[in-house]
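Undergrad: I am sharing model-v3.cif, which consists of mmCIF, C-alpha atoms:
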data_query
loop_
_atom_site.label_atom_id
_atom_site.label_comp_id
_atom_site.auth_asym_id
_atom_site.auth_seq_id
_atom_site.Cartn_x
_atom_site.Cartn_y
_atom_site.Cartn_z
CA MET A 21 152.08 -57.26 61.87
CA GLY A 22 153.08 -53.96 60.49
CA LEU A 23 150.80 -54.56 57.56
CA PHE A 24 147.71 -54.40 59.78
CA ARG A 25 148.95 -51.65 62.05
CA ARG A 26 146.60 -48.72 62.36
CA PRO A 27 148.15 -45.67 60.73
CA GLU A 28 149.25 -42.82 62.96
CA PRO A 29 147.14 -39.65 62.79
CA THR A 30 148.64 -37.03 60.55
CA THR A 31 147.88 -33.42 59.81
CA ALA A 32 144.93 -32.80 57.57
CA ASP A 33 145.67 -33.06 53.92
CA SER A 34 145.46 -29.75 52.13
CA THR A 35 143.25 -31.35 49.54
CA THR A 36 140.68 -32.43 52.17
CA PRO A 37 138.98 -29.33 53.52
CA GLY A 38 138.04 -29.41 57.18
CA ALA A 39 135.09 -27.71 58.82
CA SER A 40 137.11 -24.64 59.73
CA SER A 41 138.59 -24.23 56.27
CA LEU A 42 135.13 -24.38 54.69
CA TRP A 43 134.20 -21.20 56.54
CA ALA A 44 137.43 -19.47 55.65
CA ARG A 45 137.02 -19.34 51.88
CA GLY A 46 134.44 -19.23 49.12
CA TRP A 47 130.79 -19.28 50.09
CA GLY A 48 131.68 -20.02 53.70
CA LEU A 49 133.65 -16.78 53.97
CA ALA A 50 130.81 -14.89 52.28
CA ALA A 51 128.33 -16.36 54.77
CA THR A 52 130.57 -15.41 57.71
CA ARG A 53 130.95 -11.84 56.49
CA SER A 54 127.19 -11.62 55.85
CA LEU A 55 126.41 -12.74 59.39
CA GLN A 56 128.89 -10.22 60.78
CA THR A 57 127.38 -7.45 58.67
CA LEU A 58 123.85 -8.35 59.76
CA SER A 59 124.96 -8.35 63.40
CA VAL A 60 126.48 -4.88 63.06
CA LEU A 61 123.39 -3.56 61.28
CA ALA A 62 121.18 -5.04 64.00
CA LEU A 63 123.23 -3.32 66.69
CA VAL A 64 123.06 -0.02 64.78
CA ALA A 65 119.29 -0.39 64.34
CA VAL A 66 118.84 -1.07 68.06
CA GLY A 67 121.02 1.93 68.89
CA VAL A 68 119.02 4.21 66.57
CA LEU A 69 115.76 2.92 68.05
CA VAL A 70 116.97 3.59 71.59
CA ILE A 71 118.14 7.08 70.63
CA THR A 72 114.83 7.98 68.97
CA GLN A 73 112.88 6.69 71.97
CA LEU A 74 115.13 8.59 74.39
CA SER A 75 115.53 11.70 72.25
CA LEU A 76 114.47 13.91 75.16
CA VAL A 77 117.63 12.74 76.93
CA PHE A 78 120.00 12.10 74.01
CA ILE A 79 119.56 15.48 72.29
CA PRO A 80 120.10 17.71 75.38
CA VAL A 81 123.10 15.63 76.49
CA THR A 82 124.64 15.77 73.01
CA ILE A 83 124.11 19.52 72.73
CA ALA A 84 125.56 19.99 76.22
CA LEU A 85 128.61 17.92 75.23
CA ILE A 86 129.14 19.99 72.07
CA LEU A 87 128.81 23.29 73.95
CA ALA A 88 131.06 22.07 76.76
CA SER A 89 133.70 21.03 74.21
CA ALA A 90 133.56 24.50 72.66
CA ILE A 91 133.68 26.38 75.98
CA HIS A 92 136.24 24.13 77.69
CA PRO A 93 139.30 26.15 76.51
CA LEU A 94 137.83 29.28 78.16
CA VAL A 95 137.16 27.43 81.43
CA ALA A 96 140.64 25.88 81.37
CA PHE A 97 142.18 29.31 80.73
CA MET A 98 140.41 30.82 83.74
CA ARG A 99 141.49 27.91 85.94
CA ARG A 100 145.11 28.35 84.86
CA ARG A 101 144.81 32.02 85.84
CA GLY A 102 143.84 31.02 89.35
CA VAL A 103 140.06 31.34 89.09
CA PRO A 104 138.36 28.71 91.28
CA SER A 105 136.83 25.85 89.31
CA ILE A 106 133.24 26.49 90.42
CA LEU A 107 133.53 30.23 89.70
CA ALA A 108 134.99 29.61 86.23
CA THR A 109 132.14 27.21 85.51
CA TRP A 110 129.49 29.71 86.56
CA ILE A 111 131.12 32.53 84.57
CA ALA A 112 131.19 30.41 81.40
CA LEU A 113 127.65 29.08 81.87
CA ILE A 114 126.08 32.44 82.68
CA GLY A 115 128.01 34.04 79.83
CA ILE A 116 126.71 31.64 77.18
CA LEU A 117 123.14 31.80 78.55
CA ALA A 118 123.31 35.60 78.54
CA ILE A 119 124.49 35.62 74.93
CA LEU A 120 121.74 33.25 73.79
CA GLY A 121 119.09 35.15 75.78
CA GLY A 122 120.27 38.47 74.35
CA VAL A 123 120.06 37.16 70.81
CA VAL A 124 116.49 35.93 71.36
CA TRP A 125 115.51 39.24 72.99
CA VAL A 126 116.93 41.28 70.09
CA ILE A 127 115.08 39.12 67.55
CA VAL A 128 111.75 39.42 69.37
CA LEU A 129 112.15 43.18 69.89
CA THR A 130 113.07 43.81 66.26
CA VAL A 131 110.25 41.66 64.89
CA ARG A 132 107.69 43.38 67.12
CA SER A 133 108.86 46.85 66.06
CA GLN A 134 108.83 46.06 62.33
CA TRP A 135 106.03 43.51 62.09
CA ASP A 136 103.29 45.97 61.06
CA ASP A 137 105.47 47.46 58.33
CA LEU A 138 106.37 44.01 57.10
CA VAL A 139 102.72 42.88 56.92
CA GLU A 140 101.76 46.05 55.04
CA SER A 141 104.65 45.68 52.61
CA ALA A 142 103.88 42.00 52.12
CA THR A 143 100.24 42.80 51.34
CA ASP A 144 101.30 45.40 48.78
CA GLY A 145 103.83 43.00 47.31
CA ILE A 146 101.27 40.23 46.93
CA ALA A 147 98.88 42.70 45.27
CA GLN A 148 101.64 43.70 42.84
CA VAL A 149 102.38 40.07 42.02
CA THR A 150 98.65 39.41 41.47
CA ALA A 151 98.39 42.43 39.17
CA TRP A 152 101.44 41.24 37.25
CA LEU A 153 99.87 37.78 36.84
CA ASP A 154 96.81 39.43 35.30
CA THR A 155 99.01 40.91 32.54
CA LEU A 156 100.25 37.51 31.39
CA PRO A 157 99.07 36.34 27.92
CA PHE A 158 97.49 33.19 29.38
CA ASP A 159 94.76 32.82 32.00
CA ILE A 160 95.54 31.91 35.58
CA ALA A 161 92.71 31.02 37.88
CA ALA A 162 92.30 33.79 40.44
CA ILE A 163 92.40 32.94 44.13
CA ASP A 164 89.29 33.99 46.00
CA LEU A 165 90.69 35.53 49.19
CA ASP A 166 87.30 35.38 50.92
CA ASP A 167 87.12 31.64 50.37
CA LEU A 168 90.72 31.35 51.54
CA TRP A 169 90.00 33.18 54.78
CA ALA A 170 86.82 31.15 55.27
CA SER A 171 88.78 27.94 54.86
CA ALA A 172 91.35 29.19 57.33
CA GLY A 173 88.60 30.00 59.83
CA ASP A 174 87.05 26.56 59.41
CA PHE A 175 90.43 24.97 60.06
CA LEU A 176 91.01 27.06 63.19
CA THR A 177 87.69 25.86 64.62
CA SER A 178 88.09 22.23 63.54
CA ALA A 179 89.03 19.26 65.71
CA SER A 180 92.25 18.71 63.78
CA PHE A 181 93.47 22.18 64.75
CA GLY A 182 92.67 21.39 68.39
CA ARG A 183 94.68 18.20 68.22
CA GLY A 184 97.52 20.10 66.57
CA ALA A 185 97.38 22.74 69.29
CA LEU A 186 97.60 20.06 71.98
CA ALA A 187 100.55 18.52 70.17
CA GLY A 188 102.15 21.96 70.05
CA VAL A 189 101.69 22.37 73.80
CA SER A 190 103.25 18.97 74.37
CA ALA A 191 106.18 19.86 72.09
CA THR A 192 106.66 23.15 73.95
CA ALA A 193 106.72 21.33 77.29
CA SER A 194 109.25 18.84 75.90
CA PHE A 195 111.39 21.70 74.59
CA PHE A 196 111.60 23.45 77.95
CA THR A 197 112.22 20.15 79.72
CA GLY A 198 115.07 19.39 77.34
CA LEU A 199 116.40 22.94 77.73
CA ALA A 200 116.48 22.64 81.52
CA LEU A 201 118.19 19.24 81.27
CA MET A 202 120.73 20.61 78.80
CA ILE A 203 121.65 23.50 81.12
CA VAL A 204 122.11 21.19 84.11
CA VAL A 205 124.18 18.67 82.13
CA LEU A 206 126.25 21.50 80.61
CA PHE A 207 127.05 22.79 84.10
CA PHE A 208 128.36 19.42 85.24
CA PHE A 209 130.26 18.83 81.99
CA LEU A 210 132.02 22.18 82.43
CA LYS A 211 132.71 21.59 86.11
CA ASP A 212 133.57 17.86 86.23
CA GLY A 213 133.92 16.77 82.60
CA PRO A 214 137.38 15.12 82.91
CA ARG A 215 136.43 13.37 86.16
CA ILE A 216 133.17 12.08 84.65
CA TRP A 217 135.10 10.66 81.69
CA GLU A 218 137.68 9.01 83.96
CA PHE A 219 134.87 7.42 85.94
CA LEU A 220 133.39 5.99 82.74
CA LEU A 221 136.82 4.57 81.80
CA ARG A 222 137.24 2.55 85.01
CA PRO A 223 136.39 -0.80 83.31
CA PHE A 224 139.22 -0.34 80.79
CA THR A 225 142.90 -1.12 81.30
CA GLY A 226 146.05 -1.20 79.23
CA ALA A 227 145.63 -0.69 75.49
CA SER A 228 141.84 -0.48 75.78
CA TYR A 229 142.18 2.37 78.28
CA GLU A 230 144.61 4.27 76.05
CA ARG A 231 142.27 3.82 73.08
CA ALA A 232 139.31 5.10 75.12
CA ARG A 233 141.36 8.10 76.21
CA ARG A 234 142.22 8.87 72.58
CA ILE A 235 138.55 8.58 71.62
CA GLY A 236 137.50 10.98 74.37
CA ASP A 237 140.18 13.53 73.52
CA LYS A 238 139.37 13.31 69.80
CA THR A 239 135.63 13.72 70.46
CA VAL A 240 136.16 16.87 72.51
CA ASP A 241 138.65 18.22 69.96
CA VAL A 242 136.34 17.63 66.97
CA PHE A 243 133.19 18.89 68.69
CA GLY A 244 134.96 21.98 70.00
CA GLY A 245 136.71 22.76 66.74
CA TYR A 246 133.52 22.21 64.76
CA ILE A 247 131.35 24.50 66.87
CA ARG A 248 133.99 27.24 67.09
CA GLY A 249 134.82 27.09 63.38
CA THR A 250 131.16 26.98 62.36
CA SER A 251 130.44 29.95 64.64
CA ILE A 252 133.14 31.99 62.90
CA VAL A 253 131.84 31.04 59.45
CA ALA A 254 128.23 31.66 60.48
CA ALA A 255 129.11 35.06 61.93
CA ALA A 256 130.85 36.04 58.69
CA ASP A 257 127.80 34.97 56.67
CA ALA A 258 125.44 36.82 58.99
CA VAL A 259 127.47 40.04 58.93
CA GLY A 260 127.93 40.00 55.15
CA ILE A 261 124.30 39.28 54.33
CA GLY A 262 122.99 41.48 57.15
CA VAL A 263 125.01 44.49 55.96
CA GLY A 264 123.72 43.95 52.42
CA LEU A 265 120.11 43.80 53.66
CA ALA A 266 120.61 46.93 55.76
CA ILE A 267 122.05 48.84 52.80
CA LEU A 268 119.03 47.84 50.73
CA GLN A 269 116.77 48.83 53.67
CA ILE A 270 115.08 45.43 53.73
CA PRO A 271 112.72 45.07 56.73
CA LEU A 272 113.79 42.68 59.51
CA ALA A 273 117.41 42.84 58.37
CA LEU A 274 118.70 42.02 61.87
CA PRO A 275 116.41 39.01 62.48
CA LEU A 276 117.21 37.73 59.00
CA ALA A 277 120.94 38.06 59.75
CA VAL A 278 120.43 36.07 62.97
CA ILE A 279 118.53 33.41 61.00
CA VAL A 280 121.47 33.26 58.58
CA PHE A 281 123.78 32.72 61.55
CA LEU A 282 121.64 29.92 62.99
CA THR A 283 121.00 28.10 59.71
CA ALA A 284 124.72 28.18 58.88
CA PHE A 285 125.10 25.36 61.42
CA ILE A 286 123.39 23.13 58.83
CA PRO A 287 126.12 22.64 56.21
CA LEU A 288 125.45 22.89 52.46
CA VAL A 289 121.76 23.81 52.71
CA GLY A 290 121.42 26.10 55.73
CA ALA A 291 122.81 29.33 54.29
CA THR A 292 120.97 28.73 51.02
CA ALA A 293 117.64 28.35 52.83
CA ALA A 294 118.24 31.55 54.80
CA GLY A 295 119.18 33.37 51.58
CA ILE A 296 115.92 32.24 49.94
CA LEU A 297 113.98 33.57 52.94
CA ALA A 298 115.78 36.92 52.74
CA ALA A 299 115.11 37.10 48.99
CA LEU A 300 111.39 36.43 49.55
CA VAL A 301 111.19 39.24 52.12
CA ALA A 302 112.94 41.55 49.67
CA LEU A 303 110.57 40.46 46.90
CA VAL A 304 107.37 41.25 48.78
CA THR A 305 108.71 44.50 50.22
CA HIS A 306 110.93 46.04 47.52
CA GLY A 307 110.16 44.15 44.34
CA PRO A 308 111.97 41.72 42.01
CA LEU A 309 115.10 43.88 41.50
CA ALA A 310 115.85 44.01 45.22
CA ALA A 311 115.26 40.26 45.47
CA LEU A 312 117.76 39.61 42.68
CA ILE A 313 120.32 41.85 44.41
CA VAL A 314 119.80 39.93 47.67
CA VAL A 315 120.31 36.64 45.83
CA GLY A 316 123.55 38.04 44.38
CA ILE A 317 124.73 39.10 47.84
CA VAL A 318 123.95 35.67 49.29
CA VAL A 319 125.80 33.90 46.46
CA LEU A 320 128.81 36.23 46.79
CA VAL A 321 129.05 35.80 50.57
CA ASN A 322 128.70 32.02 50.31
CA GLN A 323 131.41 31.84 47.66
CA LEU A 324 133.83 33.95 49.70
CA GLU A 325 133.10 31.93 52.83
CA GLY A 326 133.34 28.56 51.09
CA ASN A 327 136.54 29.28 49.13
CA PHE A 328 138.54 31.37 51.62
CA LEU A 329 137.23 31.30 55.19
CA GLN A 330 135.88 27.78 55.67
CA PRO A 331 139.01 25.90 54.48
CA VAL A 332 141.05 27.83 57.08
CA VAL A 333 138.83 27.60 60.16
CA MET A 334 137.30 24.17 59.45
CA ALA A 335 140.30 22.32 58.08
CA ARG A 336 141.02 20.38 61.29
CA SER A 337 137.51 19.71 62.54
CA LEU A 338 135.56 18.70 59.42
CA LYS A 339 137.46 16.34 57.12
CA LEU A 340 134.42 14.90 55.42
CA HIS A 341 133.54 14.61 51.76
CA ALA A 342 130.55 16.63 50.61
CA LEU A 343 128.69 13.41 49.77
CA VAL A 344 129.19 12.14 53.33
CA ILE A 345 127.89 15.45 54.68
CA LEU A 346 124.84 15.27 52.42
CA LEU A 347 124.05 11.68 53.47
CA ALA A 348 124.53 12.56 57.14
CA LEU A 349 122.22 15.55 56.77
CA THR A 350 119.55 13.44 55.09
CA THR A 351 119.75 10.70 57.70
CA GLY A 352 119.74 13.16 60.58
CA THR A 353 116.77 15.05 59.16
CA ILE A 354 114.77 11.84 58.74
CA LEU A 355 115.52 10.66 62.27
CA GLY A 356 115.47 13.94 64.19
CA GLY A 357 114.11 16.75 62.04
CA ILE A 358 115.89 20.11 62.26
CA VAL A 359 117.78 19.11 65.41
CA GLY A 360 118.92 15.93 63.70
CA ALA A 361 120.16 17.92 60.72
CA VAL A 362 122.19 20.19 63.03
CA LEU A 363 123.71 17.34 65.04
CA SER A 364 124.27 14.83 62.24
CA VAL A 365 127.35 16.43 60.68
CA PRO A 366 129.38 16.94 63.89
CA ILE A 367 128.49 13.40 64.97
CA ALA A 368 129.67 12.08 61.59
CA ALA A 369 132.87 14.12 61.96
CA VAL A 370 133.45 12.63 65.41
CA ALA A 371 132.86 9.12 64.07
CA TRP A 372 135.50 9.66 61.40
CA GLY A 373 137.84 11.24 63.95
CA ILE A 374 137.53 8.16 66.18
CA ILE A 375 138.44 5.93 63.22
CA THR A 376 141.58 8.01 62.56
CA VAL A 377 142.93 7.46 66.11
CA TRP A 378 141.66 3.91 66.68
CA ASP A 379 145.08 2.20 66.62
CA GLY A 380 147.21 5.14 67.74
CA PRO A 381 147.40 8.95 68.01
CA HIS A 382 148.13 9.13 64.27
CA THR A 383 147.15 5.60 63.19
CA ALA A 384 143.73 4.88 61.76
CA ALA A 385 141.89 1.60 62.11
CA ARG A 386 143.39 -1.06 59.84
CA PRO A 387 140.57 -1.23 57.23
CA PHE A 388 140.74 2.55 56.73
CA ARG A 389 144.49 2.94 56.34
CA LYS A 390 145.86 3.97 53.00
CA LYS A 391 147.49 0.87 51.51
CA ARG A 392 148.38 2.03 48.00
CA GLU A 393 148.56 5.09 45.80
CA GLU A 394 145.00 6.20 45.18
CA THR A 395 144.44 7.78 41.78
CA VAL A 396 142.07 10.72 41.50
#
As structure tokens, how would this structure be written, given the file I've shared?

TA:
Amino acid sequence: MGLFRRPEPTTADSTTPGASSLWARGWGLAATRSLQTLSVLALVAVGVLVITQLSLVFIPVTIALILASAIHPLVAFMRRRGVPSILATWIALIGILAILGGVVWVIVLTVRSQWDDLVESATDGIAQVTAWLDTLPFDIAAIDLDDLWASAGDFLTSASFGRGALAGVSATASFFTGLALMIVVLFFFLKDGPRIWEFLLRPFTGASYERARRIGDKTVDVFGGYIRGTSIVAAADAVGIGVGLAILQIPLALPLAVIVFLTAFIPLVGATAAGILAALVALVTHGPLAALIVVGIVVLVNQLEGNFLQPVVMARSLKLHALVILLALTTGTILGGIVGAVLSVPIAAVAWGIITVWDGPHTAARPFRKKREETV
């Protein structure tokens, strides 16, 4: 009877792959990883699409979060000194709005007072450049200014200019709407930021809650450190280049210094773009020698800032390779223009900061941990 007995079930032979083992190696594993990658990319694409469609909300909220992270130490200091929470919030908010409004007012006042001189100097500079072009040994087709002005007049009276003007009005309305939203959100972030974050963390418990707390603390730390460090670096660039322009008696030295300060918030390319603008103003107002001196000043200030100041003040907040910064800038510019370029680098820094605390206060996510000696 034992000869015809049905054999007892045994564990699967290692030589006979089951359905699960087929997906755990070879082409099955590759297919699984491909599906996972496509799922992640799909989620990222949906997220980017939602952000671009809701940019009027996303951009003001993000800017408010960055500013609140930078101002939070001041608000916390006033609260520790016994200042009521609402009063500390209003002092910080009014202070930052007063600073920004004062900067805009100084720029407008300076430009208005020096605009006529700048236009006259620019006209003379263009005439000098045209005369110099006439001395070249080869012919360059002259530009008929009358035709140029006629073309400009035709454009100003065309339908395309009208559509552009309407688009400009719409953009202006969107700007002021976003500005108002940013101010309101900034007020509540300064006043109730920790409570808002705790409310958002209610669904999490245990290890997930601790991870979410680490992510929130790291985000505030990176945003705050980035904006404060960049402000110090930008102020140093603006003072150095502004003093050089003032010594050379370049028109609009103060507005150009403010532009240097603002563009310094775009890493790698911002200060260079502002330096080119300053050199162009010097070229049309004081000639090629002054422009070369301005270029030298910009290069010197950027080298001092990049080699001495930036490693000290930005060491904790921006631990990104230059290639990552460049890719983030490019992506942000494509998706959000100038605002995207400004926000892309701190967002990338926050993303990397979150990875570094994913599994613990000083423990990065498993795929990003250093597992061996890495040669350089």

Undergrad: May I ask for the distance between CA of Gly295 (chain A) and CA of Ala254 (chain A), given in Å to one decimal place?

TA: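 Between these atoms lies a distance of 12.8 Å.
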
Undergrad: What residues come out when you apply the PyMOL selection byres ((chain A and resi 356) around 12) to this file, written as JSON, numbers by chain?

TA: {"A": [68, 69, 71, 72, 73, 74, 75, 76, 78, 79, 348, 349, 350, 351, 352, 353, 354, 355, 357, 358, 359, 360, 361, 362, 363, 364]}

Undergrad: Report, in Å with one decimal, the straight-line distance from CA of Ala88 (chain A) to CA of Val289 (chain A).

TA: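 Separation of CA of Ala88 (chain A) and CA of Val289 (chain A): 25.8 Å.
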
Undergrad: What does the PyMOL selection byres ((chain A and resi 238-244) around 7) select in this file, as a list of chain:residue names?

TA: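 Checking the PyMOL selection byres ((chain A and resi 238-244) around 7) against this file, the residues are A:Ile86, A:Ser89, A:Ala90, A:Arg234, A:Ile235, A:Gly236, A:Asp237, A:Gly245, A:Tyr246, A:Ile247, A:Arg248, A:Ser337, A:Pro366, A:Val370, A:Gly373, A:Ile374.
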
Undergrad: Work out how far apart CA of Val263 (chain A) and CA of Ile345 (chain A) are and give it in Å to one decimal.

TA: 29.2 Å

Undergrad: Which neighbours of region 201-218 of chain A fall inside 7 Å, counting all atoms listed in the file, when residues of the same chain fewer than 6 positions from it are skipped, and could you give them as a list in words?

TA: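 Listing them by chain and then by number gives Pro80, Val81, Ala84, Leu85, Ala88, His92, Ser105, Ile106, Thr109 and Leu113 of chain A.
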
Undergrad: Keeping C-alpha atoms, export the residues of the selection given above as an mmCIF file, in the frame of the given file.

TA:
data_model
loop_
_atom_site.group_PDB
_atom_site.id
_atom_site.type_symbol
_atom_site.label_atom_id
_atom_site.label_comp_id
_atom_site.auth_asym_id
_atom_site.auth_seq_id
_atom_site.Cartn_x
_atom_site.Cartn_y
_atom_site.Cartn_z
ATOM 1 C CA PRO A 80 120.100 17.710 75.380
ATOM 2 C CA VAL A 81 123.100 15.630 76.490
ATOM 3 C CA ALA A 84 125.560 19.990 76.220
ATOM 4 C CA LEU A 85 128.610 17.920 75.230
ATOM 5 C CA ALA A 88 131.060 22.070 76.760
ATOM 6 C CA HIS A 92 136.240 24.130 77.690
ATOM 7 C CA SER A 105 136.830 25.850 89.310
ATOM 8 C CA ILE A 106 133.240 26.490 90.420
ATOM 9 C CA THR A 109 132.140 27.210 85.510
ATOM 10 C CA LEU A 113 127.650 29.080 81.870
#

Undergrad: I'd like to know which of A:Leu107, A:Ala96, A:Val318, A:Ala369 is closest to Ala277 (chain A), using all atoms listed in the file.

TA: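 Smallest distance to Ala277 (chain A) is found for A:Val318.
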
Undergrad: Apply the PyMOL selection byres ((chain A and resi 381-393) around 10) to the file shown and report the selected residues as a PDB file with C-alpha atoms, in the frame of the given file.

TA:
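For reference, out19.pdb as written:
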ATOM      1  CA  GLU A 230     144.610   4.270  76.050  1.00  0.00           C
ATOM      2  CA  ARG A 231     142.270   3.820  73.080  1.00  0.00           C
ATOM      3  CA  ARG A 234     142.220   8.870  72.580  1.00  0.00           C
ATOM      4  CA  ILE A 235     138.550   8.580  71.620  1.00  0.00           C
ATOM      5  CA  LYS A 238     139.370  13.310  69.800  1.00  0.00           C
ATOM      6  CA  TRP A 372     135.500   9.660  61.400  1.00  0.00           C
ATOM      7  CA  GLY A 373     137.840  11.240  63.950  1.00  0.00           C
ATOM      8  CA  ILE A 374     137.530   8.160  66.180  1.00  0.00           C
ATOM      9  CA  ILE A 375     138.440   5.930  63.220  1.00  0.00           C
ATOM     10  CA  THR A 376     141.580   8.010  62.560  1.00  0.00           C
ATOM     11  CA  VAL A 377     142.930   7.460  66.110  1.00  0.00           C
ATOM     12  CA  TRP A 378     141.660   3.910  66.680  1.00  0.00           C
ATOM     13  CA  ASP A 379     145.080   2.200  66.620  1.00  0.00           C
ATOM     14  CA  GLY A 380     147.210   5.140  67.740  1.00  0.00           C
ATOM     15  CA  GLU A 394     145.000   6.200  45.180  1.00  0.00           C
ATOM     16  CA  THR A 395     144.440   7.780  41.780  1.00  0.00           C
ATOM     17  CA  VAL A 396     142.070  10.720  41.500  1.00  0.00           C
TER      18      VAL A 396
END

Undergrad: So which one's closest to Thr283 (chain A), A:Leu340, A:Val319, A:Ala108, A:Ile296? Using only C-alpha atoms, please.

TA: A:Ile296

Undergrad: Calculated over all atoms listed in the file, which of the candidates A:Ala65, A:Leu320, A:Leu276, A:Leu55 has the smallest distance to Leu300 (chain A)?

TA: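 Ranking A:Ala65, A:Leu320, A:Leu276, A:Leu55 by distance to Leu300 (chain A), first place goes to A:Leu276.
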
Undergrad: So, counting only C-alpha atoms, which residue among A:Ala371, A:Val280, A:Ala294, A:Ala266 is closest to Ala310 (chain A)?

TA: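 Looking at the shortest contact to Ala310 (chain A), the residue is A:Ala266.
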